[in-house]
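Asks: Next comes start_22.cif, mmCIF, C-alpha atoms and all ligand atoms:
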data_entry
loop_
_atom_site.label_atom_id
_atom_site.label_comp_id
_atom_site.auth_asym_id
_atom_site.auth_seq_id
_atom_site.Cartn_x
_atom_site.Cartn_y
_atom_site.Cartn_z
CA MET A 130 33.02 78.05 175.41
CA ARG A 131 33.85 80.82 172.99
CA ALA A 132 31.72 79.12 170.36
CA ALA A 133 28.80 78.94 172.78
CA VAL A 134 29.12 82.64 173.61
CA PHE A 135 29.24 83.45 169.94
CA VAL A 136 26.09 81.41 169.25
CA CYS A 137 24.29 83.14 172.10
CA LEU A 138 25.29 86.56 170.80
CA LEU A 139 24.24 85.57 167.31
CA LEU A 140 20.84 84.29 168.48
CA GLY A 141 20.38 87.44 170.53
CA TRP A 142 21.13 89.56 167.51
CA VAL A 143 18.77 87.58 165.28
CA GLY A 144 16.08 87.98 167.93
CA VAL A 145 16.46 91.75 167.84
CA ALA A 146 16.74 92.00 164.08
CA MET A 147 13.70 89.90 163.21
CA PRO A 148 10.44 91.73 162.86
CA ARG A 149 8.01 91.04 165.71
CA ARG A 150 5.56 89.04 163.63
CA LEU A 151 8.22 86.46 162.67
CA ARG A 152 9.28 85.82 166.24
CA GLY A 153 7.69 83.06 168.29
CA ALA A 154 3.99 82.47 167.99
CA GLN A 155 2.97 86.11 167.65
CA ALA A 156 1.14 86.65 164.38
CA ASP A 157 -0.87 89.59 163.14
CA ARG A 158 -4.36 89.34 164.52
CA LEU A 159 -7.61 90.38 162.93
CA ALA A 160 -10.14 91.66 165.44
CA ILE A 161 -13.47 89.83 165.60
CA THR A 162 -16.10 90.86 168.13
CA LEU A 163 -19.16 88.69 168.62
CA TYR A 164 -22.26 90.16 170.27
CA TYR A 165 -24.49 87.27 171.25
CA GLU A 166 -26.76 85.84 173.92
CA ALA A 167 -26.81 82.38 175.41
CA LEU A 168 -30.24 81.20 174.28
CA CYS A 169 -30.71 82.62 170.78
CA PRO A 170 -30.87 79.77 168.28
CA TYR A 171 -28.91 81.62 165.58
CA CYS A 172 -26.17 82.42 168.09
CA MET A 173 -25.90 78.73 169.00
CA LYS A 174 -25.77 77.85 165.36
CA PHE A 175 -23.15 80.46 164.54
CA VAL A 176 -20.86 79.57 167.44
CA THR A 177 -21.05 75.81 166.91
CA SER A 178 -21.10 75.58 163.12
CA GLN A 179 -19.10 78.64 162.01
CA LEU A 180 -16.98 80.38 164.65
CA ASN A 181 -15.70 77.41 166.63
CA PRO A 182 -14.80 75.27 163.59
CA SER A 183 -12.95 78.21 162.05
CA MET A 184 -11.08 79.12 165.23
CA VAL A 185 -10.27 75.57 166.30
CA ARG A 186 -10.34 73.22 163.33
CA GLN A 187 -8.88 75.74 160.88
CA ASP A 188 -6.65 77.14 163.60
CA ARG A 189 -7.55 80.81 163.08
CA LEU A 190 -7.45 81.66 166.77
CA PRO A 191 -3.72 82.57 166.82
CA PHE A 192 -4.50 85.03 164.02
CA THR A 193 -7.58 86.47 165.69
CA ASP A 194 -8.13 89.01 168.41
CA LEU A 195 -11.43 87.46 169.44
CA THR A 196 -13.81 89.18 171.85
CA LEU A 197 -17.08 87.63 173.02
CA ILE A 198 -19.80 89.91 174.40
CA PRO A 199 -22.51 87.80 176.10
CA TYR A 200 -25.30 90.34 176.35
CA GLY A 201 -27.13 90.39 173.00
CA ASN A 202 -30.56 92.00 173.01
CA ALA A 203 -30.65 92.36 176.79
CA LYS A 204 -31.67 95.72 178.20
CA THR A 205 -30.80 97.38 181.47
CA ASN A 206 -33.96 98.92 182.94
CA ASP A 207 -34.25 102.06 185.07
CA ASP A 208 -33.62 100.13 188.27
CA GLY A 209 -30.33 98.84 186.87
CA ASN A 210 -31.72 95.34 186.39
CA VAL A 211 -30.71 93.47 183.26
CA GLU A 212 -33.61 91.93 181.35
CA CYS A 213 -32.68 89.33 178.78
CA GLN A 214 -34.56 88.52 175.61
CA HIS A 215 -35.12 84.90 176.58
CA GLY A 216 -35.82 85.60 180.23
CA VAL A 217 -34.09 85.10 183.56
CA MET A 218 -32.48 81.82 182.55
CA GLU A 219 -30.71 83.55 179.69
CA CYS A 220 -29.35 86.27 181.98
CA GLU A 221 -28.03 83.54 184.25
CA LEU A 222 -26.32 81.80 181.35
CA ASN A 223 -24.92 85.05 179.94
CA ALA A 224 -23.46 85.70 183.39
CA TRP A 225 -21.87 82.25 183.46
CA HIS A 226 -20.28 82.99 180.09
CA ALA A 227 -19.08 86.37 181.39
CA CYS A 228 -17.48 84.74 184.44
CA ILE A 229 -15.73 82.26 182.16
CA LEU A 230 -14.40 85.11 180.03
CA GLU A 231 -13.18 86.97 183.09
CA HIS A 232 -11.20 84.06 184.48
CA HIS A 233 -9.90 82.18 181.43
CA ASP A 234 -8.04 83.06 178.26
CA ILE A 235 -9.94 83.17 175.01
CA ALA A 236 -8.91 79.67 173.87
CA GLN A 237 -10.26 78.03 177.02
CA SER A 238 -13.26 80.35 177.13
CA LEU A 239 -14.25 79.48 173.58
CA LYS A 240 -14.03 75.76 174.33
CA LEU A 241 -16.24 76.09 177.38
CA ILE A 242 -18.71 78.50 175.81
CA ALA A 243 -19.08 76.55 172.56
CA CYS A 244 -19.72 73.44 174.64
CA MET A 245 -22.18 75.19 176.95
CA ILE A 246 -24.14 76.95 174.24
CA ARG A 247 -25.19 73.60 172.77
CA GLY A 248 -27.37 72.91 175.79
CA LYS A 249 -30.18 75.14 176.97
CA LYS A 250 -29.19 74.79 180.58
CA ASN A 251 -26.01 75.28 182.51
CA ARG A 252 -23.59 72.58 181.41
CA LEU A 253 -20.48 74.13 182.92
CA ASP A 254 -19.54 71.09 185.00
CA LYS A 255 -19.90 68.71 182.11
CA CYS A 256 -17.94 70.95 179.73
CA ALA A 257 -15.20 71.68 182.26
CA ASP A 258 -14.87 67.94 182.88
CA HIS A 259 -14.71 67.21 179.19
CA TYR A 260 -11.87 69.69 178.60
CA GLN A 261 -10.26 69.17 182.01
CA ILE A 262 -10.42 72.85 182.84
CA ASP A 263 -10.59 73.91 186.48
CA VAL A 264 -13.55 76.28 186.80
CA GLY A 265 -13.52 76.90 190.54
CA ASP A 266 -12.82 80.59 189.85
CA VAL A 267 -15.80 80.74 187.48
CA ARG A 268 -18.13 79.23 190.07
CA ASN A 269 -16.84 81.64 192.66
CA CYS A 270 -17.40 84.62 190.34
CA LYS A 271 -21.00 83.57 189.69
CA LYS A 272 -21.71 82.76 193.33
CA THR A 273 -20.33 85.91 194.87
CA ARG A 274 -21.63 88.51 192.43
CA GLN A 275 -24.99 89.68 191.16
CA VAL A 276 -25.88 89.01 187.54
CA ASN A 277 -26.48 92.74 187.00
CA ASP A 278 -22.97 93.48 188.18
CA ILE A 279 -21.36 90.70 186.14
CA LEU A 280 -23.11 91.80 182.95
CA ARG A 281 -22.71 95.58 183.40
CA LYS A 282 -19.56 96.00 181.31
CA TYR A 283 -21.01 93.90 178.51
CA GLY A 284 -24.12 96.09 178.52
CA GLU A 285 -21.88 99.12 178.16
CA GLU A 286 -19.92 97.52 175.30
CA THR A 287 -23.15 96.58 173.57
CA ALA A 288 -24.62 100.08 173.93
CA ARG A 289 -21.82 101.41 171.74
CA VAL A 290 -23.01 99.55 168.65
CA SER A 291 -26.46 99.49 167.15
CA PHE A 292 -27.32 96.14 165.68
CA MET A 293 -30.71 94.81 164.70
CA GLY A 294 -30.33 91.28 166.01
CA VAL A 295 -27.83 88.72 167.18
CA PRO A 296 -25.47 87.20 166.40
CA ALA A 297 -23.85 90.51 165.44
CA ILE A 298 -20.25 90.33 164.32
CA ALA A 299 -17.84 93.26 164.11
CA LEU A 300 -14.71 92.85 162.02
CA ASP A 301 -11.65 94.99 162.66
CA HIS A 302 -13.71 96.89 165.27
CA VAL A 303 -16.35 97.90 162.72
CA TYR A 304 -19.91 96.60 162.72
CA ASP A 305 -21.63 96.53 159.35
CA ALA A 306 -25.01 94.81 159.22
CA ASP A 307 -24.51 93.49 155.71
CA LEU A 308 -21.04 92.10 156.38
CA SER A 309 -22.17 90.71 159.73
CA GLY A 310 -24.94 88.81 157.96
CA ASN A 311 -22.45 87.42 155.47
CA LEU A 312 -20.07 86.40 158.25
CA THR A 313 -22.89 84.57 159.99
CA ASP A 314 -23.22 82.18 157.07
CA ASN A 315 -19.74 82.09 155.64
CA PHE A 316 -17.36 83.02 158.43
CA ASP A 317 -14.13 81.27 157.54
CA ALA A 318 -13.96 82.29 153.89
CA ILE A 319 -14.64 85.95 154.68
CA PHE A 320 -12.18 85.87 157.59
CA CYS A 321 -9.51 84.56 155.18
CA ALA A 322 -10.27 87.24 152.59
CA LYS A 323 -10.25 90.10 155.11
CA TYR A 324 -7.07 88.81 156.73
CA LYS A 325 -5.35 88.76 153.38
CA GLU A 326 -6.64 92.21 152.54
CA LYS A 327 -5.36 93.69 155.80
CA PHE A 328 -2.09 91.82 156.35
CA ASN A 329 -1.28 90.67 152.84
CA LYS A 330 -0.92 87.10 154.04
CA GLN A 331 -2.73 83.96 152.96
CA LEU A 332 -3.58 81.73 155.91
CA ASN A 333 -3.49 77.94 155.69
CA ASN A 334 -6.47 76.09 154.23
CA CYS A 335 -8.10 79.21 152.89
CA GLN A 336 -10.07 78.70 149.67
C1 LIG A 401 -22.41 90.11 151.26
O1 LIG A 401 -22.60 89.07 150.31
C2 LIG A 401 -23.21 89.49 149.12
C3 LIG A 401 -23.48 88.25 148.28
O2 LIG A 401 -22.32 87.45 148.14
C4 LIG A 401 -22.32 90.50 148.39
O3 LIG A 401 -22.91 90.94 147.20
C5 LIG A 401 -22.09 91.69 149.32
O4 LIG A 401 -21.17 92.58 148.74
C6 LIG A 401 -21.55 91.22 150.67
N1 LIG A 401 -21.48 92.37 151.57
C7 LIG A 401 -20.39 92.70 152.24
C8 LIG A 401 -20.46 93.95 153.05
O5 LIG A 401 -19.37 92.04 152.22
#
Write out the structure in this file as C-alpha cells.
Replies:
Amino acid sequence: MRAAVFVCLLLGWVGVAMPRRLRGAQADRLAITLYYEALCPYCMKFVTSQLNPSMVRQDRLPFTDLTLIPYGNAKTNDDGNVECQHGVMECELNAWHACILEHHDIAQSLKLIACMIRGKKNRLDKCADHYQIDVGDVRNCKKTRQVNDILRKYGEETARVSFMGVPAIALDHVYDADLSGNLTDNFDAIFCAKYKEKFNKQLNNCQ
C-alpha cells in the first residue's frame, strides 16, 4: 500500500516536472494552411500525391497544425452568392468538404477529403464506407444549410491572403508564393526542414 502511494506520488511528480512536449502524444506542431478548391486538378494532385502521403504515410499529422480552407478562387458577389471557379458543382463540393471539417477532427477530415477529391463528383458515401466513418452529421450540415452560409467563413479566411492560384500553402501562418510553389512539388522534404529549423528536432524518415 505504502509502495503504491509512493509510486503514485512519484508518477505525479514526474508528470509535473516533465516539459509539456515530452508528455503523452503532444508534440510541437508546425502550422500548415492549405487554400484549395474541390475541382482544381493541381489541388487534387497536391492533396493525393504530396499532402496526404506526408501526413499519413510519413506520420507528420501529429506534428502539424493542419488547416484546410475549401474555397480557393471562389468569389462572393454583391448579392452574397459564392461563385466558384469550376462552377456550381465545385461550390457544392467545397461545401461538402466544409461540412466534413466542421464535424470531424482533422485526421478523419483529411481521410475523407483526400478520398473525395479523387473523384469529380460527390463520393462521400463511398469514402465514409471505406473508412467506416459515420457522416450523418455531415449530411445534416449540408442538407440544412445554404452553400453560401457554409462557405462564408472560408471566404473570409481566404480574403486575408492574396495568392495567385491554388493550391496555395501557408507555412507557420505565412503565405509566400515562392515557398508555396516549392511546397506544392516537394512538400515532405520542406516540411522536415522547416520543422527542424523551428523546433530543432529531426522527424522520422526525413531525408
Ligand atoms: C524554392 O526552390 C528553389 C529551387 O530549389 C530555391 O532556390 C528557392 O530558394 C526556394 N524558395 C523558397 C522560398 O524556399
Asks: Would you kindly return, as number ranges by chain, each protein, DNA or RNA residue with an atom no farther than 12 Å from any atom of region 313-324 of chain A, considering only C-alpha atoms and excluding same-chain residues fewer than 3 positions away?
Replies: A: 156-161, 163-165, 171-190, 192-195, 294-301, 306-310, 327-336
Asks: Would you save the residues of that selection, restricted to C-alpha atoms, as a compact mmCIF listing (two decimals), in the coordinates of the input?
Replies:
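Output file out-v1.txt is given in full below:
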# COMPACT_ATOMS: atom_id res chain seq x y z
CA ALA A 156 1.14 86.65 164.38
CA ASP A 157 -0.87 89.59 163.14
CA ARG A 158 -4.36 89.34 164.52
CA LEU A 159 -7.61 90.38 162.93
CA ALA A 160 -10.14 91.66 165.44
CA ILE A 161 -13.47 89.83 165.60
CA LEU A 163 -19.16 88.69 168.62
CA TYR A 164 -22.26 90.16 170.27
CA TYR A 165 -24.49 87.27 171.25
CA TYR A 171 -28.91 81.62 165.58
CA CYS A 172 -26.17 82.42 168.09
CA MET A 173 -25.90 78.73 169.00
CA LYS A 174 -25.77 77.85 165.36
CA PHE A 175 -23.15 80.46 164.54
CA VAL A 176 -20.86 79.57 167.44
CA THR A 177 -21.05 75.81 166.91
CA SER A 178 -21.10 75.58 163.12
CA GLN A 179 -19.10 78.64 162.01
CA LEU A 180 -16.98 80.38 164.65
CA ASN A 181 -15.70 77.41 166.63
CA PRO A 182 -14.80 75.27 163.59
CA SER A 183 -12.95 78.21 162.05
CA MET A 184 -11.08 79.12 165.23
CA VAL A 185 -10.27 75.57 166.30
CA ARG A 186 -10.34 73.22 163.33
CA GLN A 187 -8.88 75.74 160.88
CA ASP A 188 -6.65 77.14 163.60
CA ARG A 189 -7.55 80.81 163.08
CA LEU A 190 -7.45 81.66 166.77
CA PHE A 192 -4.50 85.03 164.02
CA THR A 193 -7.58 86.47 165.69
CA ASP A 194 -8.13 89.01 168.41
CA LEU A 195 -11.43 87.46 169.44
CA GLY A 294 -30.33 91.28 166.01
CA VAL A 295 -27.83 88.72 167.18
CA PRO A 296 -25.47 87.20 166.40
CA ALA A 297 -23.85 90.51 165.44
CA ILE A 298 -20.25 90.33 164.32
CA ALA A 299 -17.84 93.26 164.11
CA LEU A 300 -14.71 92.85 162.02
CA ASP A 301 -11.65 94.99 162.66
CA ALA A 306 -25.01 94.81 159.22
CA ASP A 307 -24.51 93.49 155.71
CA LEU A 308 -21.04 92.10 156.38
CA SER A 309 -22.17 90.71 159.73
CA GLY A 310 -24.94 88.81 157.96
CA LYS A 327 -5.36 93.69 155.80
CA PHE A 328 -2.09 91.82 156.35
CA ASN A 329 -1.28 90.67 152.84
CA LYS A 330 -0.92 87.10 154.04
CA GLN A 331 -2.73 83.96 152.96
CA LEU A 332 -3.58 81.73 155.91
CA ASN A 333 -3.49 77.94 155.69
CA ASN A 334 -6.47 76.09 154.23
CA CYS A 335 -8.10 79.21 152.89
CA GLN A 336 -10.07 78.70 149.67
Asks: For each of A:Ile242, A:Tyr304, A:Glu285, A:Val217, take the minimum atom-to-atom distance to ligand LIG 401 (chain A), counting all atoms listed in the file, then give the residue where this is smallest.
Replies: A:Tyr304
Asks: For each of A:Glu326, A:Cys220, A:Leu312, A:Thr162, take the minimum atom-to-atom distance to ligand LIG 401 (chain A), counting only C-alpha atoms and all ligand atoms, then give the residue where this is smallest.
Replies: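 Nearest candidate to ligand LIG 401 (chain A) out of A:Glu326, A:Cys220, A:Leu312, A:Thr162: A:Leu312.
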Asks: Can you pull out the residues contacting His232 (chain A)? Cut-off 9 Å, using all atoms listed in the file, and skip same-chain residues under 4 positions away; I want them as a list in words.
Replies: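 The residues that qualify are Ala227, Cys228, Ser238, Val264, Asp266, Val267 and Cys270 of chain A.
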Asks: Could you write out as AutoDock Vina command-line options the box around region 270-280 of chain A (axis-aligned, all atoms listed in the file, 6 Å on each side), with centre and edge lengths in Å to one decimal?
Replies:
--center_x -21.9 --center_y 88.1 --center_z 188.9 --size_x 21.1 --size_y 22.7 --size_z 23.9
Asks: Write out as a PyMOL selection string the residues lying within 8 Å of region 202-206 of chain A, counting all atoms listed in the file and excluding same-chain residues fewer than 4 positions away.
Replies: chain A and resi 165-166+210-214+284+294-295
Asks: To one decimal place, how far is CA of Gly265 (chain A) from CA of Leu253 (chain A) in Å?
Replies: 10.7 Å
Asks: Using all atoms listed in the file, determine which residues lie at most 8 Å from Ala167 (chain A), disregarding the query and same-chain residues fewer than 6 positions distant; provide the list as an MDAnalysis selection string.
Replies: chainID A and resid 173 199 219 222:223 246
Asks: I'd like the contact shell of Ile279 (chain A) - 9 Å cut-off, all atoms listed in the file, skipping same-chain residues fewer than 2 positions apart - returned as a ChimeraX atom specification.
Replies: /A:224-225,227-228,270-271,274-277,281-283
Asks: Hey, which of A:Cys169, A:Ile198, A:Leu239, A:Met293 ends up closest to Leu280 (chain A)? Count all atoms listed in the file.
Replies: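 Once distances to Leu280 (chain A) are computed over all atoms listed in the file, the minimum belongs to A:Ile198.
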Asks: State, in Å with one decimal place, the distance from atom O2 of ligand LIG 401 (chain A) to CA of Pro191 (chain A).
Replies: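 Going from atom O2 of ligand LIG 401 (chain A) over to CA of Pro191 (chain A) covers 26.8 Å.
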Asks: CA of Tyr260 (chain A) to CA of Asp234 (chain A): how many Å, to one decimal?
Replies: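 So the answer is 13.9 Å.
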Asks: Could you check which of A:Leu230, A:Lys325, A:Asp305, A:Asp278 is closest to ligand LIG 401 (chain A), using all atoms listed in the file?
Replies: A:Asp305
